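Quick look at start-v4.tsv (TSV, C-alpha atoms):
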```
chain	number	residue	atom	x	y	z
A	2	SER	CA	99.90	64.56	155.07
A	3	GLN	CA	102.60	67.07	154.25
A	4	GLN	CA	103.75	67.19	157.83
A	5	GLY	CA	107.41	66.52	158.31
A	6	GLU	CA	109.04	64.32	160.83
A	7	GLU	CA	111.85	65.11	163.18
A	8	ASP	CA	114.24	62.96	165.03
A	9	PRO	CA	115.05	62.39	167.68
A	10	GLN	CA	111.72	63.02	169.40
A	11	ALA	CA	113.61	63.87	172.55
A	12	LEU	CA	117.22	64.75	173.25
A	13	SER	CA	118.96	65.27	176.55
A	14	ILE	CA	122.48	66.72	176.70
A	15	GLN	CA	124.86	68.42	179.13
A	16	GLU	CA	125.39	72.14	179.01
A	17	GLY	CA	128.21	73.01	176.64
A	18	GLU	CA	127.58	70.05	174.33
A	19	ASN	CA	126.23	70.38	170.81
A	20	ALA	CA	122.69	69.36	169.90
A	21	THR	CA	121.69	68.11	166.46
A	22	MET	CA	118.11	67.69	165.31
A	23	ASN	CA	117.00	66.31	161.97
A	24	CYS	CA	113.93	66.99	159.89
A	25	SER	CA	112.52	65.16	156.89
A	26	TYR	CA	109.71	66.40	154.68
A	27	LYS	CA	107.70	65.09	151.77
A	28	THR	CA	107.01	67.73	149.14
A	29	SER	CA	108.95	70.33	147.18
A	30	ILE	CA	109.56	73.48	149.14
A	31	ASN	CA	110.30	77.16	148.72
A	32	ASN	CA	112.01	77.39	152.08
A	33	LEU	CA	112.40	75.56	155.37
A	34	GLN	CA	112.27	77.25	158.74
A	35	TRP	CA	113.10	76.29	162.29
A	36	TYR	CA	111.08	77.46	165.27
A	37	ARG	CA	111.49	77.10	168.99
A	38	GLN	CA	108.71	76.72	171.54
A	39	ASN	CA	109.05	76.96	175.28
A	40	SER	CA	106.54	74.83	177.12
A	41	GLY	CA	103.01	75.85	176.21
A	42	ARG	CA	104.07	79.16	174.75
A	43	GLY	CA	104.11	80.61	171.26
A	44	LEU	CA	106.66	79.73	168.62
A	45	VAL	CA	109.71	81.85	167.99
A	46	HIS	CA	111.34	81.94	164.57
A	47	LEU	CA	115.00	80.91	164.59
A	48	ILE	CA	116.21	80.68	161.02
A	49	LEU	CA	114.99	80.34	157.43
A	50	ILE	CA	116.86	78.56	154.67
A	51	ARG	CA	115.75	78.81	151.06
A	52	SER	CA	115.54	75.84	148.74
A	53	ASN	CA	118.57	77.03	146.76
A	54	GLU	CA	120.74	77.29	149.88
A	55	ARG	CA	122.63	74.42	151.44
A	56	GLU	CA	123.82	75.87	154.73
A	57	LYS	CA	123.09	78.86	156.89
A	58	HIS	CA	124.43	80.17	160.18
A	59	SER	CA	122.96	82.42	162.83
A	60	GLY	CA	124.89	82.81	166.05
A	61	ARG	CA	125.16	79.37	167.64
A	62	LEU	CA	122.76	77.88	165.09
A	63	ARG	CA	123.75	76.08	161.94
A	64	VAL	CA	121.15	74.75	159.51
A	65	THR	CA	121.73	72.52	156.52
A	66	LEU	CA	119.31	71.63	153.78
A	67	ASP	CA	119.49	68.72	151.33
A	68	THR	CA	116.60	69.03	148.89
A	69	SER	CA	117.55	65.82	147.09
A	70	LYS	CA	117.00	63.91	150.32
A	71	LYS	CA	114.22	66.21	151.50
A	72	SER	CA	115.95	66.69	154.81
A	73	SER	CA	117.37	69.38	157.04
A	74	SER	CA	119.34	69.51	160.24
A	75	LEU	CA	119.64	72.06	163.00
A	76	LEU	CA	122.83	72.21	165.04
A	77	ILE	CA	122.98	74.19	168.26
A	78	THR	CA	126.56	74.60	169.43
A	79	ALA	CA	127.72	75.11	173.01
A	80	SER	CA	124.24	74.54	174.38
A	81	ARG	CA	122.92	76.36	177.43
A	82	ALA	CA	120.23	75.47	179.94
A	83	ALA	CA	118.14	78.26	178.42
A	84	ASP	CA	118.08	76.33	175.12
A	85	THR	CA	115.75	73.79	176.74
A	86	ALA	CA	112.64	73.87	174.56
A	87	SER	CA	110.90	72.09	171.70
A	88	TYR	CA	112.23	72.71	168.23
A	89	PHE	CA	110.14	72.42	165.09
A	90	CYS	CA	111.01	72.48	161.44
A	91	ALA	CA	108.43	73.94	159.09
A	92	THR	CA	108.24	73.91	155.33
A	93	ALA	CA	106.77	76.49	153.02
A	94	GLY	CA	105.56	75.27	149.66
A	95	ASP	CA	105.84	76.86	146.27
A	96	GLN	CA	102.29	78.15	146.31
A	97	THR	CA	102.24	81.87	145.69
A	98	GLY	CA	100.04	84.11	147.74
A	99	ALA	CA	99.56	81.91	150.71
A	100	ASN	CA	101.18	81.96	154.10
A	101	ASN	CA	100.95	78.51	155.58
A	102	LEU	CA	103.62	76.30	157.01
A	103	PHE	CA	103.69	72.54	157.45
A	104	PHE	CA	105.28	71.73	160.78
A	105	GLY	CA	107.26	68.72	161.81
A	106	THR	CA	106.56	66.70	164.89
A	107	GLY	CA	109.20	68.46	166.96
A	108	THR	CA	112.23	67.55	169.03
A	109	ARG	CA	112.13	68.11	172.76
A	110	LEU	CA	115.59	69.29	173.85
A	111	THR	CA	116.65	69.25	177.49
A	112	VAL	CA	119.96	70.85	178.39
A	113	ILE	CA	121.18	69.80	181.81
A	114	PRO	CA	123.16	72.46	183.71
B	28	LYS	CA	106.68	97.41	168.25
B	29	ALA	CA	104.09	95.27	170.01
B	30	GLY	CA	103.99	91.57	169.17
B	31	VAL	CA	101.06	89.41	168.20
B	32	THR	CA	98.38	89.51	170.88
B	33	GLN	CA	95.91	86.72	171.44
B	34	THR	CA	92.92	86.78	173.74
B	35	PRO	CA	91.81	85.10	175.84
B	36	ARG	CA	94.88	83.17	176.94
B	37	TYR	CA	92.91	80.44	178.67
B	38	LEU	CA	89.32	79.36	178.49
B	39	ILE	CA	87.16	76.43	179.46
B	40	LYS	CA	84.03	75.46	177.58
B	41	THR	CA	81.67	72.51	177.55
B	42	ARG	CA	80.75	70.29	174.64
B	43	GLY	CA	78.26	71.85	172.27
B	44	GLN	CA	79.19	75.43	173.08
B	45	GLN	CA	80.94	77.76	170.72
B	46	VAL	CA	84.04	79.87	171.21
B	47	THR	CA	85.57	82.94	169.60
B	48	LEU	CA	89.28	83.66	169.79
B	49	SER	CA	90.87	86.95	168.89
B	50	CYS	CA	94.22	87.87	167.38
B	51	SER	CA	95.81	91.28	166.88
B	52	PRO	CA	98.74	91.09	164.49
B	53	ILE	CA	101.91	93.13	164.53
B	54	SER	CA	101.27	96.60	163.22
B	55	GLY	CA	101.68	96.65	159.44
B	56	HIS	CA	101.25	92.91	159.02
B	57	ARG	CA	98.36	92.09	156.74
B	58	SER	CA	98.45	88.30	156.83
B	59	VAL	CA	97.10	86.36	159.78
B	60	SER	CA	97.28	82.58	160.04
B	61	TRP	CA	95.79	80.25	162.62
B	62	TYR	CA	97.21	76.95	163.81
B	63	GLN	CA	95.93	74.27	166.15
B	64	GLN	CA	98.41	72.43	168.36
B	65	THR	CA	97.54	69.20	170.12
B	66	PRO	CA	99.76	66.47	171.61
B	67	GLY	CA	98.39	63.91	169.18
B	68	GLN	CA	98.29	65.82	165.89
B	69	GLY	CA	100.98	68.41	166.48
B	70	LEU	CA	100.78	71.78	164.76
B	71	GLN	CA	98.18	71.94	162.05
B	72	PHE	CA	97.30	74.84	159.77
B	73	LEU	CA	93.71	76.05	160.07
B	74	PHE	CA	93.45	79.02	157.71
B	75	GLU	CA	95.06	82.23	156.60
B	76	TYR	CA	93.55	85.63	155.99
B	77	PHE	CA	94.94	88.48	153.98
B	78	SER	CA	93.15	91.78	153.39
B	79	GLU	CA	89.94	90.40	154.89
B	80	THR	CA	89.89	87.42	152.53
B	81	GLN	CA	90.54	83.81	153.37
B	82	ARG	CA	93.47	82.94	151.18
B	83	ASN	CA	94.13	79.38	152.24
B	84	LYS	CA	92.42	76.75	154.36
B	85	GLY	CA	93.59	73.61	156.07
B	86	ASN	CA	91.77	70.33	156.43
B	87	PHE	CA	89.37	71.13	159.23
B	88	PRO	CA	85.58	70.77	159.39
B	89	GLY	CA	83.26	73.67	158.74
B	90	ARG	CA	82.77	74.15	162.48
B	91	PHE	CA	86.05	76.06	162.34
B	92	SER	CA	85.71	79.46	160.76
B	93	GLY	CA	87.44	82.78	160.84
B	94	ARG	CA	87.41	86.30	159.62
B	95	GLN	CA	89.64	89.31	159.33
B	96	PHE	CA	88.71	92.91	159.85
B	97	SER	CA	89.88	95.98	157.96
B	98	ASN	CA	92.48	96.71	160.67
B	99	SER	CA	93.93	93.18	160.09
B	100	ARG	CA	92.71	91.89	163.43
B	101	SER	CA	91.35	88.38	163.12
B	102	GLU	CA	88.95	86.15	164.94
B	103	MET	CA	88.38	82.44	164.72
B	104	ASN	CA	85.25	80.68	165.81
B	105	VAL	CA	84.62	77.07	166.68
B	106	SER	CA	81.01	76.01	166.91
B	107	THR	CA	79.51	72.92	168.51
B	108	LEU	CA	82.64	72.19	170.48
B	109	GLU	CA	83.88	68.63	170.81
B	110	LEU	CA	86.30	67.19	173.37
B	111	GLY	CA	88.87	66.83	170.60
B	112	ASP	CA	88.89	70.59	170.05
B	113	SER	CA	90.86	71.02	173.25
B	114	ALA	CA	94.11	72.51	172.05
B	115	LEU	CA	96.44	75.45	171.99
B	116	TYR	CA	95.30	77.76	169.20
B	117	LEU	CA	98.12	79.86	167.81
B	118	CYS	CA	97.84	82.93	165.67
B	119	ALA	CA	100.69	84.15	163.51
B	120	SER	CA	101.12	87.28	161.48
B	121	SER	CA	103.43	88.21	158.65
B	122	LEU	CA	104.00	90.86	156.07
B	123	ALA	CA	102.20	90.30	152.82
B	124	GLY	CA	104.30	88.32	150.46
B	125	GLY	CA	104.26	85.81	147.68
B	126	LYS	CA	105.94	82.94	149.42
B	127	THR	CA	105.80	82.15	153.09
B	128	GLY	CA	108.47	83.89	155.07
B	129	GLU	CA	108.96	84.25	158.76
B	130	LEU	CA	105.83	84.03	160.87
B	131	PHE	CA	105.45	85.86	164.15
B	132	PHE	CA	103.39	83.91	166.65
B	133	GLY	CA	101.32	84.99	169.60
B	134	GLU	CA	101.37	83.17	172.93
B	135	GLY	CA	98.25	81.23	172.04
B	136	SER	CA	94.81	80.64	173.44
B	137	ARG	CA	94.52	77.40	175.38
B	138	LEU	CA	91.05	75.95	175.01
B	139	THR	CA	89.82	73.16	177.25
B	140	VAL	CA	86.55	71.48	176.32
B	141	LEU	CA	84.84	69.54	179.09
```
File written out as structure tokens:
Amino acid sequence: SQQGEEDPQALSIQEGENATMNCSYKTSINNLQWYRQNSGRGLVHLILIRSNEREKHSGRLRVTLDTSKKSSSLLITASRAADTASYFCATAGDQTGANNLFFGTGTRLTVIP
Amino acid sequence: KAGVTQTPRYLIKTRGQQVTLSCSPISGHRSVSWYQQTPGQGLQFLFEYFSETQRNKGNFPGRFSGRQFSNSRSEMNVSTLELGDSALYLCASSLAGGKTGELFFGEGSRLTVL
């Protein structure tokens, strides 16, 4: 399976703390993306990092990518209760002309007010 | 601009029946992908359509099929339903492109098979 794995599976923190989630994948990639899902809802795209990039920022989000280790991390700074959700990494392969992502297993984040 | 719309949002079927789910992509998006989400298997890619052609397919049995219409709207069909088909089915659309960029997801259709 090309599905990635994330750890931890679940994370519980206090509001204002930082949350770090890690993702490992198996194959070569074109890019890696992070998505957020509120319970039972659709996924919302957070950030995309290309294989030739090492770090990217977007607001309170910071993503790193280490292609040699086939791993990525998502850091959410100064967390808020509204950040409570599941977070998934997803990898896009090098195949041209196809739009399919391989999703990780997800991290369930709970931010306690 | 309206987002991705999936209908129906919830449905209940019995084993052996078939079901059709619909997805209207964001205006201008020509690629539509379908994903199945279950607690046990997570998010799995079903197939992707672009300009009415299936461009890529995941590892699912032939009971799962789909199509795309000239207006980019897509449907997926599951025949001879099994209990294990109970899942959240998510549709995503994107602009045409060579390599996978950002996908825009609908809210999903939650299928329960009894």
**Message:** I need the contact residues of chain B against chain A, so if you could list those with any atom within 10 Å, counting only C-alpha atoms, and return them as a VMD selection string, that would help.
**Reply:** chain B and resid 31 58 to 62 64 66 to 77 81 to 85 115 to 137
**Fill in**
CA of Lys71 in chain A sits from CA of Ser40 in chain A at a separation of 28.1 Å
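Counting all atoms listed in the file, the residue from A:Ser29, A:Gln15, A:Asn23, A:Thr85 that sits nearest to Thr68 in chain A is A:Ser29.
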**Request:** State, in Å with one decimal place, the distance from CA of Val64 in chain A to CA of Thr78 in chain A.
**Result:** 11.3 Å
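Across the model, the gap from CA of Glu16 in chain A to CA of Arg81 in chain A is 5.1 Å.
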**Prompt:** Given the choices A:Arg37, A:Gln10, A:Ile30, A:Tyr88, which gets closest to Leu66 in chain A if the distance is worked out from all atoms listed in the file?
**Reply:**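 Of all the options, A:Ile30 lies closest to Leu66 in chain A.
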Show me that you can extract range 65-101 of chain B, keeping N, CA and C atoms, and write it as a PDB file, in the first residue's frame.
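Saved the output as part_23.pdb:
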```
ATOM      1  N   THR B  65     -13.420   4.900   5.492  1.00  0.00           N
ATOM      2  CA  THR B  65     -13.965   4.018   6.517  1.00  0.00           C
ATOM      3  C   THR B  65     -13.039   4.039   7.725  1.00  0.00           C
ATOM      4  N   PRO B  66     -13.569   3.728   8.908  1.00  0.00           N
ATOM      5  CA  PRO B  66     -12.708   3.707  10.104  1.00  0.00           C
ATOM      6  C   PRO B  66     -11.561   2.713   9.979  1.00  0.00           C
ATOM      7  N   GLY B  67     -11.792   1.595   9.315  1.00  0.00           N
ATOM      8  CA  GLY B  67     -10.767   0.560   9.243  1.00  0.00           C
ATOM      9  C   GLY B  67      -9.709   0.798   8.182  1.00  0.00           C
ATOM     10  N   GLN B  68     -10.119   1.258   7.020  1.00  0.00           N
ATOM     11  CA  GLN B  68      -9.199   1.421   5.890  1.00  0.00           C
ATOM     12  C   GLN B  68      -8.784   2.863   5.645  1.00  0.00           C
ATOM     13  N   GLY B  69      -9.404   3.797   6.311  1.00  0.00           N
ATOM     14  CA  GLY B  69      -9.051   5.191   6.100  1.00  0.00           C
ATOM     15  C   GLY B  69      -9.563   5.711   4.777  1.00  0.00           C
ATOM     16  N   LEU B  70      -8.843   6.658   4.220  1.00  0.00           N
ATOM     17  CA  LEU B  70      -9.219   7.283   2.952  1.00  0.00           C
ATOM     18  C   LEU B  70      -8.559   6.544   1.806  1.00  0.00           C
ATOM     19  N   GLN B  71      -9.381   6.022   0.920  1.00  0.00           N
ATOM     20  CA  GLN B  71      -8.844   5.277  -0.214  1.00  0.00           C
ATOM     21  C   GLN B  71      -9.373   5.844  -1.522  1.00  0.00           C
ATOM     22  N   PHE B  72      -8.490   5.958  -2.484  1.00  0.00           N
ATOM     23  CA  PHE B  72      -8.825   6.490  -3.804  1.00  0.00           C
ATOM     24  C   PHE B  72      -9.620   5.459  -4.589  1.00  0.00           C
ATOM     25  N   LEU B  73     -10.746   5.914  -5.148  1.00  0.00           N
ATOM     26  CA  LEU B  73     -11.581   5.038  -5.971  1.00  0.00           C
ATOM     27  C   LEU B  73     -11.259   5.211  -7.453  1.00  0.00           C
ATOM     28  N   PHE B  74     -11.498   6.395  -7.976  1.00  0.00           N
ATOM     29  CA  PHE B  74     -11.180   6.697  -9.369  1.00  0.00           C
ATOM     30  C   PHE B  74     -11.230   8.186  -9.615  1.00  0.00           C
ATOM     31  N   GLU B  75     -10.708   8.552 -10.769  1.00  0.00           N
ATOM     32  CA  GLU B  75     -10.671   9.955 -11.168  1.00  0.00           C
ATOM     33  C   GLU B  75     -11.131  10.075 -12.617  1.00  0.00           C
ATOM     34  N   TYR B  76     -11.925  11.096 -12.870  1.00  0.00           N
ATOM     35  CA  TYR B  76     -12.419  11.362 -14.204  1.00  0.00           C
ATOM     36  C   TYR B  76     -11.977  12.746 -14.645  1.00  0.00           C
ATOM     37  N   PHE B  77     -11.648  12.808 -15.912  1.00  0.00           N
ATOM     38  CA  PHE B  77     -11.254  14.080 -16.519  1.00  0.00           C
ATOM     39  C   PHE B  77     -11.789  14.081 -17.938  1.00  0.00           C
ATOM     40  N   SER B  78     -12.533  15.121 -18.276  1.00  0.00           N
ATOM     41  CA  SER B  78     -13.134  15.229 -19.615  1.00  0.00           C
ATOM     42  C   SER B  78     -13.844  13.939 -20.012  1.00  0.00           C
ATOM     43  N   GLU B  79     -14.663  13.461 -19.113  1.00  0.00           N
ATOM     44  CA  GLU B  79     -15.541  12.304 -19.334  1.00  0.00           C
ATOM     45  C   GLU B  79     -14.804  10.976 -19.460  1.00  0.00           C
ATOM     46  N   THR B  80     -13.531  10.966 -19.177  1.00  0.00           N
ATOM     47  CA  THR B  80     -12.733   9.747 -19.286  1.00  0.00           C
ATOM     48  C   THR B  80     -12.153   9.382 -17.928  1.00  0.00           C
ATOM     49  N   GLN B  81     -12.213   8.091 -17.622  1.00  0.00           N
ATOM     50  CA  GLN B  81     -11.578   7.649 -16.382  1.00  0.00           C
ATOM     51  C   GLN B  81     -10.070   7.662 -16.590  1.00  0.00           C
ATOM     52  N   ARG B  82      -9.400   8.452 -15.786  1.00  0.00           N
ATOM     53  CA  ARG B  82      -7.968   8.635 -16.000  1.00  0.00           C
ATOM     54  C   ARG B  82      -7.141   7.771 -15.053  1.00  0.00           C
ATOM     55  N   ASN B  83      -7.729   7.407 -13.950  1.00  0.00           N
ATOM     56  CA  ASN B  83      -6.987   6.622 -12.970  1.00  0.00           C
ATOM     57  C   ASN B  83      -7.985   5.859 -12.108  1.00  0.00           C
ATOM     58  N   LYS B  84      -7.574   4.704 -11.627  1.00  0.00           N
ATOM     59  CA  LYS B  84      -8.493   3.869 -10.858  1.00  0.00           C
ATOM     60  C   LYS B  84      -7.755   3.253  -9.685  1.00  0.00           C
ATOM     61  N   GLY B  85      -8.408   3.221  -8.548  1.00  0.00           N
ATOM     62  CA  GLY B  85      -7.844   2.586  -7.372  1.00  0.00           C
ATOM     63  C   GLY B  85      -8.133   1.099  -7.358  1.00  0.00           C
ATOM     64  N   ASN B  86      -7.788   0.474  -6.260  1.00  0.00           N
ATOM     65  CA  ASN B  86      -7.899  -0.974  -6.151  1.00  0.00           C
ATOM     66  C   ASN B  86      -9.235  -1.369  -5.526  1.00  0.00           C
ATOM     67  N   PHE B  87     -10.279  -1.221  -6.274  1.00  0.00           N
ATOM     68  CA  PHE B  87     -11.614  -1.577  -5.826  1.00  0.00           C
ATOM     69  C   PHE B  87     -12.241  -2.542  -6.840  1.00  0.00           C
ATOM     70  N   PRO B  88     -13.164  -3.382  -6.378  1.00  0.00           N
ATOM     71  CA  PRO B  88     -13.791  -4.339  -7.304  1.00  0.00           C
ATOM     72  C   PRO B  88     -14.659  -3.640  -8.339  1.00  0.00           C
ATOM     73  N   GLY B  89     -15.008  -4.395  -9.369  1.00  0.00           N
ATOM     74  CA  GLY B  89     -15.778  -3.848 -10.469  1.00  0.00           C
ATOM     75  C   GLY B  89     -17.173  -3.387 -10.094  1.00  0.00           C
ATOM     76  N   ARG B  90     -17.612  -3.730  -8.868  1.00  0.00           N
ATOM     77  CA  ARG B  90     -18.933  -3.268  -8.427  1.00  0.00           C
ATOM     78  C   ARG B  90     -18.948  -1.738  -8.289  1.00  0.00           C
ATOM     79  N   PHE B  91     -17.784  -1.177  -8.164  1.00  0.00           N
ATOM     80  CA  PHE B  91     -17.662   0.280  -8.050  1.00  0.00           C
ATOM     81  C   PHE B  91     -17.377   0.845  -9.444  1.00  0.00           C
ATOM     82  N   SER B  92     -18.220   1.735  -9.878  1.00  0.00           N
ATOM     83  CA  SER B  92     -18.028   2.329 -11.194  1.00  0.00           C
ATOM     84  C   SER B  92     -18.409   3.791 -11.135  1.00  0.00           C
ATOM     85  N   GLY B  93     -18.033   4.500 -12.164  1.00  0.00           N
ATOM     86  CA  GLY B  93     -18.353   5.918 -12.185  1.00  0.00           C
ATOM     87  C   GLY B  93     -18.452   6.409 -13.608  1.00  0.00           C
ATOM     88  N   ARG B  94     -18.848   7.656 -13.713  1.00  0.00           N
ATOM     89  CA  ARG B  94     -18.842   8.305 -15.013  1.00  0.00           C
ATOM     90  C   ARG B  94     -18.835   9.798 -14.810  1.00  0.00           C
ATOM     91  N   GLN B  95     -18.488  10.490 -15.880  1.00  0.00           N
ATOM     92  CA  GLN B  95     -18.492  11.947 -15.840  1.00  0.00           C
ATOM     93  C   GLN B  95     -19.219  12.453 -17.071  1.00  0.00           C
ATOM     94  N   PHE B  96     -19.994  13.478 -16.863  1.00  0.00           N
ATOM     95  CA  PHE B  96     -20.784  14.044 -17.949  1.00  0.00           C
ATOM     96  C   PHE B  96     -20.056  15.240 -18.570  1.00  0.00           C
ATOM     97  N   SER B  97     -20.590  15.721 -19.670  1.00  0.00           N
ATOM     98  CA  SER B  97     -19.925  16.802 -20.407  1.00  0.00           C
ATOM     99  C   SER B  97     -19.839  18.090 -19.593  1.00  0.00           C
ATOM    100  N   ASN B  98     -20.708  18.253 -18.607  1.00  0.00           N
ATOM    101  CA  ASN B  98     -20.639  19.455 -17.756  1.00  0.00           C
ATOM    102  C   ASN B  98     -19.750  19.225 -16.535  1.00  0.00           C
ATOM    103  N   SER B  99     -18.979  18.145 -16.536  1.00  0.00           N
ATOM    104  CA  SER B  99     -18.033  17.748 -15.484  1.00  0.00           C
ATOM    105  C   SER B  99     -18.691  17.140 -14.251  1.00  0.00           C
ATOM    106  N   ARG B 100     -19.992  17.171 -14.165  1.00  0.00           N
ATOM    107  CA  ARG B 100     -20.652  16.473 -13.059  1.00  0.00           C
ATOM    108  C   ARG B 100     -20.330  14.989 -13.133  1.00  0.00           C
ATOM    109  N   SER B 101     -20.249  14.369 -11.965  1.00  0.00           N
ATOM    110  CA  SER B 101     -19.864  12.956 -11.944  1.00  0.00           C
ATOM    111  C   SER B 101     -20.824  12.168 -11.076  1.00  0.00           C
TER     112      SER B 101
END
```
